[in-house]
Each structure stands twice: as C-alpha cells, then as structure tokens.
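Peer 1: Below is target_4.cif; it holds mmCIF, C-alpha atoms.
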```
data_target
loop_
_atom_site.label_atom_id
_atom_site.label_comp_id
_atom_site.auth_asym_id
_atom_site.auth_seq_id
_atom_site.Cartn_x
_atom_site.Cartn_y
_atom_site.Cartn_z
CA MET A 1 0.00 0.00 0.00
CA TRP A 2 1.06 3.56 -0.52
CA LYS A 3 0.42 7.00 0.94
CA TYR A 4 0.38 10.26 -0.97
CA GLU A 5 2.23 13.29 0.34
CA LYS A 6 0.97 16.61 -0.95
CA LYS A 7 4.41 17.96 -1.82
CA LEU A 8 7.00 17.48 -4.54
CA GLN A 9 10.30 15.80 -3.69
CA TYR A 10 12.05 18.93 -4.96
CA PRO A 11 10.47 22.34 -5.68
CA ILE A 12 9.52 23.19 -9.25
CA ASN A 13 8.62 26.75 -10.08
CA ILE A 14 8.75 27.44 -13.81
CA LYS A 15 7.65 30.92 -14.85
CA LYS A 16 7.99 30.76 -18.64
CA PRO A 17 5.92 28.43 -20.85
CA ASP A 18 8.07 26.52 -23.35
CA ALA A 19 6.30 23.89 -25.43
CA LYS A 20 9.51 22.78 -27.17
CA ALA A 21 11.18 21.98 -23.85
CA ALA A 22 8.03 20.16 -22.69
CA GLN A 23 8.13 17.93 -25.78
CA VAL A 24 11.61 16.61 -24.98
CA ILE A 25 11.21 16.45 -21.20
CA ILE A 26 8.01 14.37 -21.51
CA SER A 27 10.27 11.50 -22.62
CA GLN A 28 11.31 11.12 -18.98
CA LEU A 29 7.63 10.49 -18.18
CA GLY A 30 6.64 7.98 -20.85
CA GLY A 31 9.83 7.32 -22.81
CA PRO A 32 12.13 4.27 -22.92
CA ASP A 33 14.27 5.37 -19.94
CA GLY A 34 11.60 7.41 -18.18
CA GLU A 35 10.48 7.53 -14.57
CA LEU A 36 7.24 5.58 -15.10
CA GLY A 37 9.15 2.62 -16.52
CA ALA A 38 11.73 2.94 -13.72
CA SER A 39 9.06 2.77 -11.05
CA LEU A 40 7.30 -0.22 -12.61
CA ARG A 41 10.64 -2.00 -13.18
CA TYR A 42 11.71 -1.89 -9.52
CA LEU A 43 8.30 -2.34 -7.97
CA SER A 44 7.68 -5.39 -10.20
CA GLN A 45 11.11 -7.00 -9.72
CA ARG A 46 10.97 -6.98 -5.92
CA TYR A 47 8.44 -9.79 -5.32
CA THR A 48 10.76 -12.69 -6.12
CA MET A 49 13.97 -10.97 -5.02
CA PRO A 50 15.64 -13.36 -2.56
CA TYR A 51 17.58 -10.89 -0.38
CA ASP A 52 15.92 -8.49 2.05
CA GLU A 53 18.38 -5.64 1.44
CA ILE A 54 17.58 -5.75 -2.27
CA VAL A 55 13.80 -6.04 -1.72
CA ALA A 56 13.99 -2.90 0.43
CA THR A 57 16.17 -1.10 -2.12
CA LEU A 58 13.77 -1.91 -4.98
CA THR A 59 10.76 -0.89 -2.88
CA ASP A 60 12.22 2.43 -1.75
CA ILE A 61 13.78 3.43 -5.08
CA GLY A 62 10.63 2.30 -6.94
CA THR A 63 8.59 4.51 -4.63
CA GLU A 64 10.95 7.46 -5.14
CA GLU A 65 10.53 7.02 -8.91
CA LEU A 66 6.79 7.65 -8.45
CA ALA A 67 7.74 11.01 -6.93
CA HIS A 68 9.86 11.61 -10.05
CA VAL A 69 6.87 10.77 -12.28
CA GLU A 70 5.09 13.56 -10.42
CA MET A 71 8.05 15.95 -10.81
CA ILE A 72 8.33 15.39 -14.57
CA SER A 73 4.55 15.75 -14.91
CA ALA A 74 4.72 19.00 -12.93
CA ILE A 75 7.49 20.32 -15.21
CA VAL A 76 5.51 19.48 -18.36
CA TYR A 77 2.34 20.93 -16.82
CA GLN A 78 4.05 24.21 -15.88
CA LEU A 79 5.77 24.48 -19.28
CA THR A 80 2.49 24.09 -21.20
CA LYS A 81 -0.23 25.61 -19.05
CA ASP A 82 -0.24 29.18 -20.38
CA LEU A 83 0.37 28.49 -24.06
CA THR A 84 -1.56 30.33 -26.72
CA VAL A 85 -2.86 28.49 -29.80
CA ASP A 86 -0.34 30.47 -31.81
CA GLU A 87 2.57 29.24 -29.65
CA ILE A 88 1.21 25.69 -29.83
CA LYS A 89 1.25 25.82 -33.65
CA ARG A 90 4.68 27.47 -33.89
CA SER A 91 6.44 25.15 -31.44
CA GLY A 92 5.24 21.91 -33.00
CA PHE A 93 3.30 21.06 -29.84
CA ASP A 94 0.17 20.82 -32.02
CA THR A 95 0.74 17.12 -32.71
CA TYR A 96 0.47 16.39 -28.96
CA PHE A 97 -2.24 19.00 -28.39
CA VAL A 98 -4.63 17.52 -30.92
CA ASP A 99 -4.86 14.26 -28.95
CA HIS A 100 -4.32 15.38 -25.35
CA THR A 101 -4.89 19.18 -25.26
CA THR A 102 -2.64 20.21 -22.34
CA GLY A 103 -3.37 17.09 -20.29
CA ILE A 104 -0.36 15.07 -19.12
CA TYR A 105 -0.04 11.73 -20.95
CA PRO A 106 2.99 9.41 -20.79
CA ILE A 107 4.66 9.38 -24.19
CA ALA A 108 8.23 9.46 -25.48
CA ALA A 109 9.56 12.59 -27.20
CA SER A 110 9.07 10.70 -30.46
CA GLY A 111 5.33 10.50 -29.75
CA VAL A 112 5.26 6.76 -28.96
CA PRO A 113 2.99 6.14 -25.94
CA PHE A 114 4.45 4.44 -22.86
CA ARG A 115 5.15 0.73 -23.43
CA ALA A 116 5.70 -1.97 -20.81
CA ASP A 117 8.55 -3.42 -22.91
CA TYR A 118 10.66 -0.42 -21.86
CA PHE A 119 11.48 -2.44 -18.75
CA GLY A 120 12.23 -6.03 -17.94
CA VAL A 121 11.54 -8.46 -15.12
CA LYS A 122 13.68 -11.54 -15.68
CA GLY A 123 13.18 -13.18 -12.31
CA ASP A 124 16.93 -13.60 -11.86
CA VAL A 125 18.82 -11.41 -9.42
CA PHE A 126 21.88 -10.85 -11.62
CA ALA A 127 19.93 -10.21 -14.82
CA ASP A 128 17.56 -7.82 -13.05
CA ILE A 129 20.16 -5.86 -11.07
CA HIS A 130 22.26 -5.41 -14.20
CA GLU A 131 19.16 -4.10 -16.00
CA ASP A 132 18.60 -1.69 -13.10
CA LEU A 133 22.20 -0.43 -13.22
CA ALA A 134 21.91 0.14 -16.98
CA ALA A 135 18.53 1.83 -16.58
CA GLU A 136 19.92 4.36 -14.12
CA GLN A 137 22.79 5.17 -16.48
CA LYS A 138 20.44 5.52 -19.46
CA ALA A 139 18.17 7.84 -17.51
CA ARG A 140 21.25 9.85 -16.48
CA VAL A 141 22.24 10.22 -20.16
CA THR A 142 18.69 11.32 -21.06
CA TYR A 143 18.90 14.03 -18.39
CA ASP A 144 22.33 15.05 -19.72
CA ASN A 145 20.77 15.36 -23.19
CA ILE A 146 17.82 17.37 -21.83
CA LEU A 147 20.33 19.75 -20.18
CA ARG A 148 21.90 20.26 -23.62
CA LEU A 149 18.51 21.13 -25.12
CA VAL A 150 16.91 23.48 -22.57
CA ASP A 151 18.00 26.94 -21.41
CA ASP A 152 15.59 28.03 -18.68
CA PRO A 153 17.47 27.90 -15.32
CA ASP A 154 14.24 26.99 -13.46
CA VAL A 155 13.87 23.90 -15.66
CA LYS A 156 17.56 23.00 -15.53
CA ASP A 157 17.58 23.16 -11.73
CA ALA A 158 14.89 20.48 -11.40
CA ILE A 159 16.46 18.35 -14.18
CA ARG A 160 19.84 18.48 -12.41
CA PHE A 161 18.23 17.22 -9.21
CA LEU A 162 16.66 14.28 -11.08
CA ARG A 163 19.96 13.54 -12.84
CA GLU A 164 21.72 13.39 -9.49
CA ARG A 165 19.18 10.88 -8.19
CA GLU A 166 20.04 8.50 -11.05
CA ILE A 167 23.65 8.50 -9.88
CA VAL A 168 22.68 7.80 -6.25
CA HIS A 169 20.39 4.95 -7.34
CA TYR A 170 23.16 3.51 -9.52
CA GLN A 171 25.38 3.46 -6.44
CA ARG A 172 22.74 1.64 -4.36
CA PHE A 173 22.14 -0.94 -7.10
CA GLY A 174 25.90 -1.47 -7.29
CA GLU A 175 25.83 -2.34 -3.59
CA ALA A 176 22.82 -4.60 -4.19
CA LEU A 177 24.82 -6.45 -6.86
CA ARG A 178 27.73 -6.88 -4.44
CA ILE A 179 25.35 -8.25 -1.77
CA ALA A 180 23.96 -10.78 -4.27
CA GLN A 181 27.46 -11.83 -5.35
CA GLU A 182 28.59 -12.28 -1.76
CA ARG A 183 25.72 -14.70 -1.20
CA SER A 184 26.44 -16.72 -4.32
CA ASP A 185 28.98 -19.42 -5.09
CA TYR A 186 32.01 -17.30 -5.91
CA LYS A 187 33.21 -19.93 -8.40
CA ASN A 188 29.96 -19.76 -10.36
CA PHE A 189 27.49 -16.95 -9.67
CA TYR A 190 25.12 -18.50 -12.18
CA GLY A 191 25.05 -22.03 -10.81
CA TRP A 192 21.62 -21.43 -9.28
CA ASN A 193 18.93 -18.83 -9.66
CA PRO A 194 18.01 -18.08 -6.04
CA GLU A 195 14.70 -16.59 -7.25
CA PHE A 196 13.66 -20.01 -8.60
CA ASP A 197 15.91 -22.88 -7.45
CA LYS A 198 14.73 -23.58 -3.93
CA ASN A 199 18.00 -25.17 -2.80
CA ALA A 200 20.05 -22.21 -3.84
CA ARG A 201 19.43 -20.28 -0.63
CA LYS A 202 20.49 -23.25 1.50
CA ASN A 203 23.68 -23.41 -0.50
CA SER A 204 24.24 -19.70 -0.39
CA PHE A 205 26.90 -18.09 1.73
CA ARG A 206 24.48 -16.02 3.76
CA MET B 1 0.42 40.02 5.45
CA ASN B 2 -0.37 39.95 1.76
CA ALA B 3 -0.68 36.90 -0.47
CA VAL B 4 2.83 37.24 -1.88
CA ASN B 5 4.42 37.22 1.59
CA ILE B 6 2.36 34.22 2.62
CA SER B 7 3.38 32.24 -0.44
CA MET B 8 7.05 33.26 0.04
CA SER B 9 7.16 32.00 3.60
CA ARG B 10 5.19 28.89 2.68
CA GLU B 11 7.70 28.11 -0.03
CA LYS B 12 10.62 28.66 2.36
CA LEU B 13 9.24 26.33 5.02
CA LEU B 14 8.30 23.76 2.36
CA LYS B 15 11.83 23.84 0.97
CA LYS B 16 13.27 23.29 4.44
CA LEU B 17 10.93 20.31 4.91
CA GLN B 18 11.81 18.96 1.45
CA SER B 19 15.55 19.14 2.10
CA HIS B 20 15.25 17.33 5.45
CA ALA B 21 12.86 14.74 3.96
CA LEU B 22 15.39 14.13 1.17
CA ALA B 23 18.16 13.61 3.75
CA LEU B 24 15.90 11.16 5.60
CA HIS B 25 15.02 9.27 2.41
CA GLU B 26 18.65 9.21 1.30
CA THR B 27 19.65 7.74 4.65
CA ALA B 28 16.91 5.09 4.36
CA LEU B 29 18.24 4.06 0.94
CA PHE B 30 21.77 3.86 2.35
CA LEU B 31 20.55 1.76 5.29
CA ASP B 32 18.84 -0.66 2.89
CA THR B 33 22.27 -1.81 1.73
CA HIS B 34 24.15 -0.95 4.98
CA PRO B 35 21.61 -1.95 7.66
CA HIS B 36 24.23 -2.10 10.42
CA SER B 37 25.85 1.29 9.89
CA LYS B 38 25.76 2.93 13.33
CA SER B 39 26.49 6.43 12.01
CA ALA B 40 23.71 6.11 9.38
CA LEU B 41 21.26 4.91 12.04
CA ARG B 42 22.17 7.91 14.22
CA TYR B 43 21.76 10.31 11.30
CA PHE B 44 18.43 8.69 10.40
CA ALA B 45 17.10 9.29 13.93
CA LYS B 46 18.23 12.92 13.81
CA MET B 47 16.65 13.59 10.41
CA LYS B 48 13.46 11.77 11.38
CA GLU B 49 13.01 14.06 14.37
CA ALA B 50 13.58 17.13 12.17
CA VAL B 51 11.08 15.93 9.54
CA ILE B 52 8.43 15.25 12.21
CA LEU B 53 8.84 18.75 13.65
CA LEU B 54 8.91 20.49 10.25
CA THR B 55 5.88 18.50 9.06
CA ALA B 56 3.95 19.51 12.18
CA GLU B 57 4.90 23.16 11.67
CA TYR B 58 3.96 23.10 7.99
CA GLU B 59 0.63 21.37 8.55
CA GLU B 60 -0.22 23.71 11.40
CA LYS B 61 0.32 26.73 9.15
CA TYR B 62 -0.65 25.59 5.68
CA GLY B 63 -2.83 22.50 5.90
CA PRO B 64 -2.49 18.73 5.66
CA LEU B 65 0.26 16.99 3.69
CA GLU B 66 -1.58 13.67 3.82
CA ALA B 67 -5.30 12.99 3.53
CA PHE B 68 -5.35 11.28 6.93
CA SER B 69 -3.63 14.18 8.62
CA ALA B 70 -6.46 16.55 7.68
CA ASN B 71 -8.25 18.04 10.66
CA ALA B 72 -11.80 16.99 9.82
CA GLU B 73 -13.22 19.03 12.70
CA ASN B 74 -12.52 22.26 10.80
CA GLY B 75 -13.78 21.10 7.41
CA TRP B 76 -12.04 19.03 4.77
CA GLY B 77 -8.88 21.07 4.15
CA TRP B 78 -7.27 18.27 2.13
CA ILE B 79 -8.99 19.46 -1.06
CA ASP B 80 -7.58 22.97 -0.78
CA ALA B 81 -5.02 24.12 -3.35
CA PRO B 82 -2.23 24.55 -4.03
CA TRP B 83 -1.51 21.03 -5.20
CA PRO B 84 2.21 20.28 -5.55
CA TRP B 85 2.40 20.89 -9.32
CA GLN B 86 0.67 24.26 -9.06
CA ASN B 87 3.35 26.90 -8.65
CA GLU B 88 2.47 30.18 -7.03
CA ASP B 89 2.02 31.81 -10.44
CA SER B 90 -0.48 29.28 -11.62
CA PHE B 91 -2.40 29.05 -8.41
CA PRO B 92 -2.54 32.38 -6.65
CA VAL B 93 -3.17 32.08 -2.91
CA LYS B 94 -5.14 35.29 -3.22
CA LEU B 95 -8.51 33.65 -4.02
CA PRO B 96 -10.33 33.44 -0.70
CA ALA B 97 -12.26 30.21 -0.17
CA SER B 98 -15.34 32.20 0.82
CA ASN B 99 -15.58 33.47 -2.77
CA ILE B 100 -15.19 29.99 -4.22
CA ASN B 101 -17.92 28.76 -1.92
CA ALA B 102 -20.23 31.73 -2.48
CA GLY B 103 -23.73 30.73 -1.49
CA CYS B 104 -22.53 27.70 0.46
CA ASP B 105 -22.12 27.33 4.20
CA THR B 106 -18.95 29.27 4.90
CA SER B 107 -18.84 28.54 8.62
CA THR B 108 -15.89 26.19 8.10
CA ASP B 109 -13.88 28.80 6.22
CA THR B 110 -12.72 30.84 9.20
CA GLY B 111 -9.02 30.66 9.70
CA ASN B 112 -8.24 30.30 6.03
CA ILE B 113 -5.34 32.16 4.52
CA GLY B 114 -6.64 32.56 1.04
CA SER B 115 -7.42 29.05 -0.06
CA VAL B 116 -5.03 27.45 2.42
CA ARG B 117 -6.59 26.05 5.55
CA ARG B 118 -4.86 26.25 8.91
CA GLY B 119 -4.64 24.14 11.97
CA ALA B 120 -4.40 20.60 10.64
CA PRO B 121 -2.98 18.01 13.02
CA LEU B 122 -0.13 15.66 12.34
CA HIS B 123 -0.73 12.29 10.79
CA ALA B 124 -1.37 9.76 13.57
CA MET B 125 0.88 7.22 11.86
CA ARG B 126 3.86 9.56 12.10
CA GLY B 127 4.04 9.06 15.83
CA GLY B 128 1.10 11.10 17.08
CA ARG B 129 2.99 14.27 17.91
CA ARG B 130 -0.12 16.41 18.36
CA LYS B 131 -0.03 20.08 19.19
#
```
Could you render the structure from this file as structure tokens?

Peer 2:
Amino acid sequence: MWKYEKKLQYPINIKKPDAKAAQVIISQLGGPDGELGASLRYLSQRYTMPYDEIVATLTDIGTEELAHVEMISAIVYQLTKDLTVDEIKRSGFDTYFVDHTTGIYPIAASGVPFRADYFGVKGDVFADIHEDLAAEQKARVTYDNILRLVDDPDVKDAIRFLREREIVHYQRFGEALRIAQERSDYKNFYGWNPEFDKNARKNSFR
Amino acid sequence: MNAVNISMSREKLLKKLQSHALALHETALFLDTHPHSKSALRYFAKMKEAVILLTAEYEEKYGPLEAFSANAENGWGWIDAPWPWQNEDSFPVKLPASNINAGCDTSTDTGNIGSVRRGAPLHAMRGGRRK
C-alpha cells in the first residue's frame, strides 16, 4: 500500500511556458528510460527478489521514482499551461495538443505512448540488477541530453536534481549487486537462480 | 500580510521540509544496503526528528500533507489548493475560499489564509505528535 504526500520531492517553479522543452522532457515520463518505466521496473522486480536488502532497495527506489513521475509531470504541466494556440502551432506542440490538449499523458519525445517493454523483469537477481544499473545510467544520459537542449534555469535546476538521483540509485544498485554476489557461489554466480531454485538459498553463503 | 508574503514563507518552510525529507530518504536508501551502519542509524534518527517537527509546523500553518492528517473538525482542508504541481504563479493564494464557496455554508472557512486552511494536526501514523 502507498500513501500520498501533498508535496514534490524537490520544488519546481517554472515561470515561462516553453512547449519545445516540454516535448523533450516528456520523454522522462513515458519514454524508454523514463520515470514511469523505472518505477514499474523496480516495484515489479521486488516480489521474487531473494535478499531483504535488495527487496527494500527496490521498494524504496521504486517509490521514489513515483515522486519523479510527479516531478516530470509537474514540469511538463508548468511548461504548457499558459500556451496560446499560436505558440502551440509554432512550437510543434500541435501534434500532442490535438490528442491530449494540455493534459499530461505518458509518451516518449518521439510521440510513442508508454510501453511496458521499456522495462524487464527476468526473475533472476543478476539479470535484473544489471538491468537496473543500466537503466539508471540511461536515464542519467537522457537528463544530460535534456540539459543540452533546454536553457531556462528553473527547468535546468529540477532536471539536475533528477539527474543526481540516477547517480545515487546507480550506487545503491551497485551495492545490491555486491550483496547478491557475496551470497552466491564465488566460483559460479550463475550455478543457481536463487529466485527459482529452492535449494540455492540453503547453499548460499548467507 | 499579503498573499505574496504568505506564499514566500510557505515556499521557504516547504523547501526546508523537502531538504530534510530528502536527507531522511537518502539515509533510508543507504541503510537498505548498509543496515548495520551505526552512524547512518544515528543520522536517520536525527533527520526523522527534524522531519516530524517540520511537518507539524507546515501542517499547522498551511494545511495537511496527507489525507489522513487533515483536521476533519474544521472542514475538509485536504482538497484545498495549491496542489504540488501548481506553482504560485499558476495558483494564486489570493482567491479566498469564501468566494469559491459563495452561497454555500462558509462557517468552516474561518481561519483560512486565502485558499489554504490552517490548523491541521499531524498524521497519527507519524508518531502522534499532536499540538
């Protein structure tokens, strides 16, 4: 179960509408390395995760990603809320506007709606943690690219915060990987899948 | 105090709460992979105390942060804006609730600062630190 807190994780106060910026930033909502996929990835992977430290890490980072979904949505909302029809036509935002007006809908910058195949759940601790490490790096690169494309300091400030979080999460997943390795047969990490082979935990080095 | 000053001080207190809540969350993430770190446990306790106090102060002044922490005795303040994505520009605090509710029973609107309701208690699940 979850509780909602009526505050953002980090303040967002954008004064200038900018439909072009909104169109690239929305990729971190519904795009291939976006926050929605991140949240679903971790919150889905945790059920069969054999080690408590990693279950907690996936739960808490997955929950934080929901707060990032809200932050990205807030950025897109504030960038698009005072647009005139003229600005919508000039900026190219019209292709989004025709389907969603200024409502917030999870799509990639390319216009492809959110897809569940942006994330994986393999049911194997090493496969999944490696996916998580890669996902944090890919999200970091997307934020780096957004920082190359936008100028407004109010937008950049919030994007920099989100970028920093990817680096912290990468660090925590690195520790999760080390924990999983320490509890595996050091001669063959892949001898058992502790998420499926029931004897693996008995044989583990916990 | 005018609406601009109210929103400025609200923002300042909120930012202080956000920064302490981030420190608390960051420490929780660290403890997930270092559950026996004594210094992290100490820091967690310190930040938790700060977040509880700042949450109580914020809710007392500007209304509930969680639906269950709303003070139902003074009306349902949970629905009052601003919502987190509404920056001060987009949602001016200047609209008094009594105008929004024109023609309705306004007896529950006393104590409002603009559309922000005062005097909400802390969430019981946060340790019941009531004022």

Peer 1: Please identify all residues of chain A having at least one atom at most 10 Å from any atom of chain B, considering only C-alpha atoms, and return them as a PyMOL selection string.

Peer 2: chain A and resi 3-15+52-61+64+70-78+81-82+165+168-169+171-176+178-179

Peer 1: Exactly which residues make up the result of the PyMOL selection byres ((chain A and resi 105) around 10) on this file, given as a PDB file with C-alpha atoms, keeping the file's coordinate frame?

Peer 2:
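Output file part.pdb follows:
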```
ATOM      1  CA  ILE A  26       8.010  14.370 -21.510  1.00  0.00           C
ATOM      2  CA  LEU A  29       7.630  10.490 -18.180  1.00  0.00           C
ATOM      3  CA  GLY A  30       6.640   7.980 -20.850  1.00  0.00           C
ATOM      4  CA  SER A  73       4.550  15.750 -14.910  1.00  0.00           C
ATOM      5  CA  VAL A  76       5.510  19.480 -18.360  1.00  0.00           C
ATOM      6  CA  TYR A  96       0.470  16.390 -28.960  1.00  0.00           C
ATOM      7  CA  ASP A  99      -4.860  14.260 -28.950  1.00  0.00           C
ATOM      8  CA  HIS A 100      -4.320  15.380 -25.350  1.00  0.00           C
ATOM      9  CA  THR A 101      -4.890  19.180 -25.260  1.00  0.00           C
ATOM     10  CA  THR A 102      -2.640  20.210 -22.340  1.00  0.00           C
ATOM     11  CA  GLY A 103      -3.370  17.090 -20.290  1.00  0.00           C
ATOM     12  CA  ILE A 104      -0.360  15.070 -19.120  1.00  0.00           C
ATOM     13  CA  PRO A 106       2.990   9.410 -20.790  1.00  0.00           C
ATOM     14  CA  ILE A 107       4.660   9.380 -24.190  1.00  0.00           C
ATOM     15  CA  ALA A 108       8.230   9.460 -25.480  1.00  0.00           C
ATOM     16  CA  PRO A 113       2.990   6.140 -25.940  1.00  0.00           C
ATOM     17  CA  PHE A 114       4.450   4.440 -22.860  1.00  0.00           C
TER      18      PHE A 114
END
```

Peer 1: Calculated over all atoms listed in the file, which of the candidates A:Ser91, A:Ser39, A:Thr84, A:Ser44 has the smallest distance to Gln23 (chain A)?

Peer 2: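 Between A:Ser91, A:Ser39, A:Thr84, A:Ser44, the residue approaching Gln23 (chain A) most closely is A:Ser91.
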
Peer 1: Between CA of Arg10 (chain B) and CA of Glu57 (chain B), what is the distance in Å, rounded to a tenth?

Peer 2: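 Going from CA of Arg10 (chain B) over to CA of Glu57 (chain B) covers 10.7 Å.
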
Peer 1: May I ask which of the residues A:Tyr42, A:Lys198, A:Leu162, A:Pro17 is the closest one to Gly120 (chain A), counting only C-alpha atoms?

Peer 2: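 Under the stated criterion, the closest residue is A:Tyr42.
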
Peer 1: On this structure, which residues satisfy the PyMOL selection byres ((chain A and resi 132-137) around 9), written as number ranges by chain?

Peer 2: A: 33, 38, 41-42, 119, 127-131, 138-142, 165-167, 169-171, 173-174

Peer 1: Name all residues at most 12 Å from Arg148 (chain A) (count all atoms listed in the file; drop same-chain ones fewer than 5 positions away) and give them as a ChimeraX atom specification.

Peer 2: /A:21,24-25,141-143,155-156,159-160

Peer 1: Expressed in Å to a single decimal, how great is the separation between CA of Ala70 (chain B) and CA of Ala56 (chain B)?

Peer 2: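 Pair CA of Ala70 (chain B) / CA of Ala56 (chain B) returns 11.7 Å.
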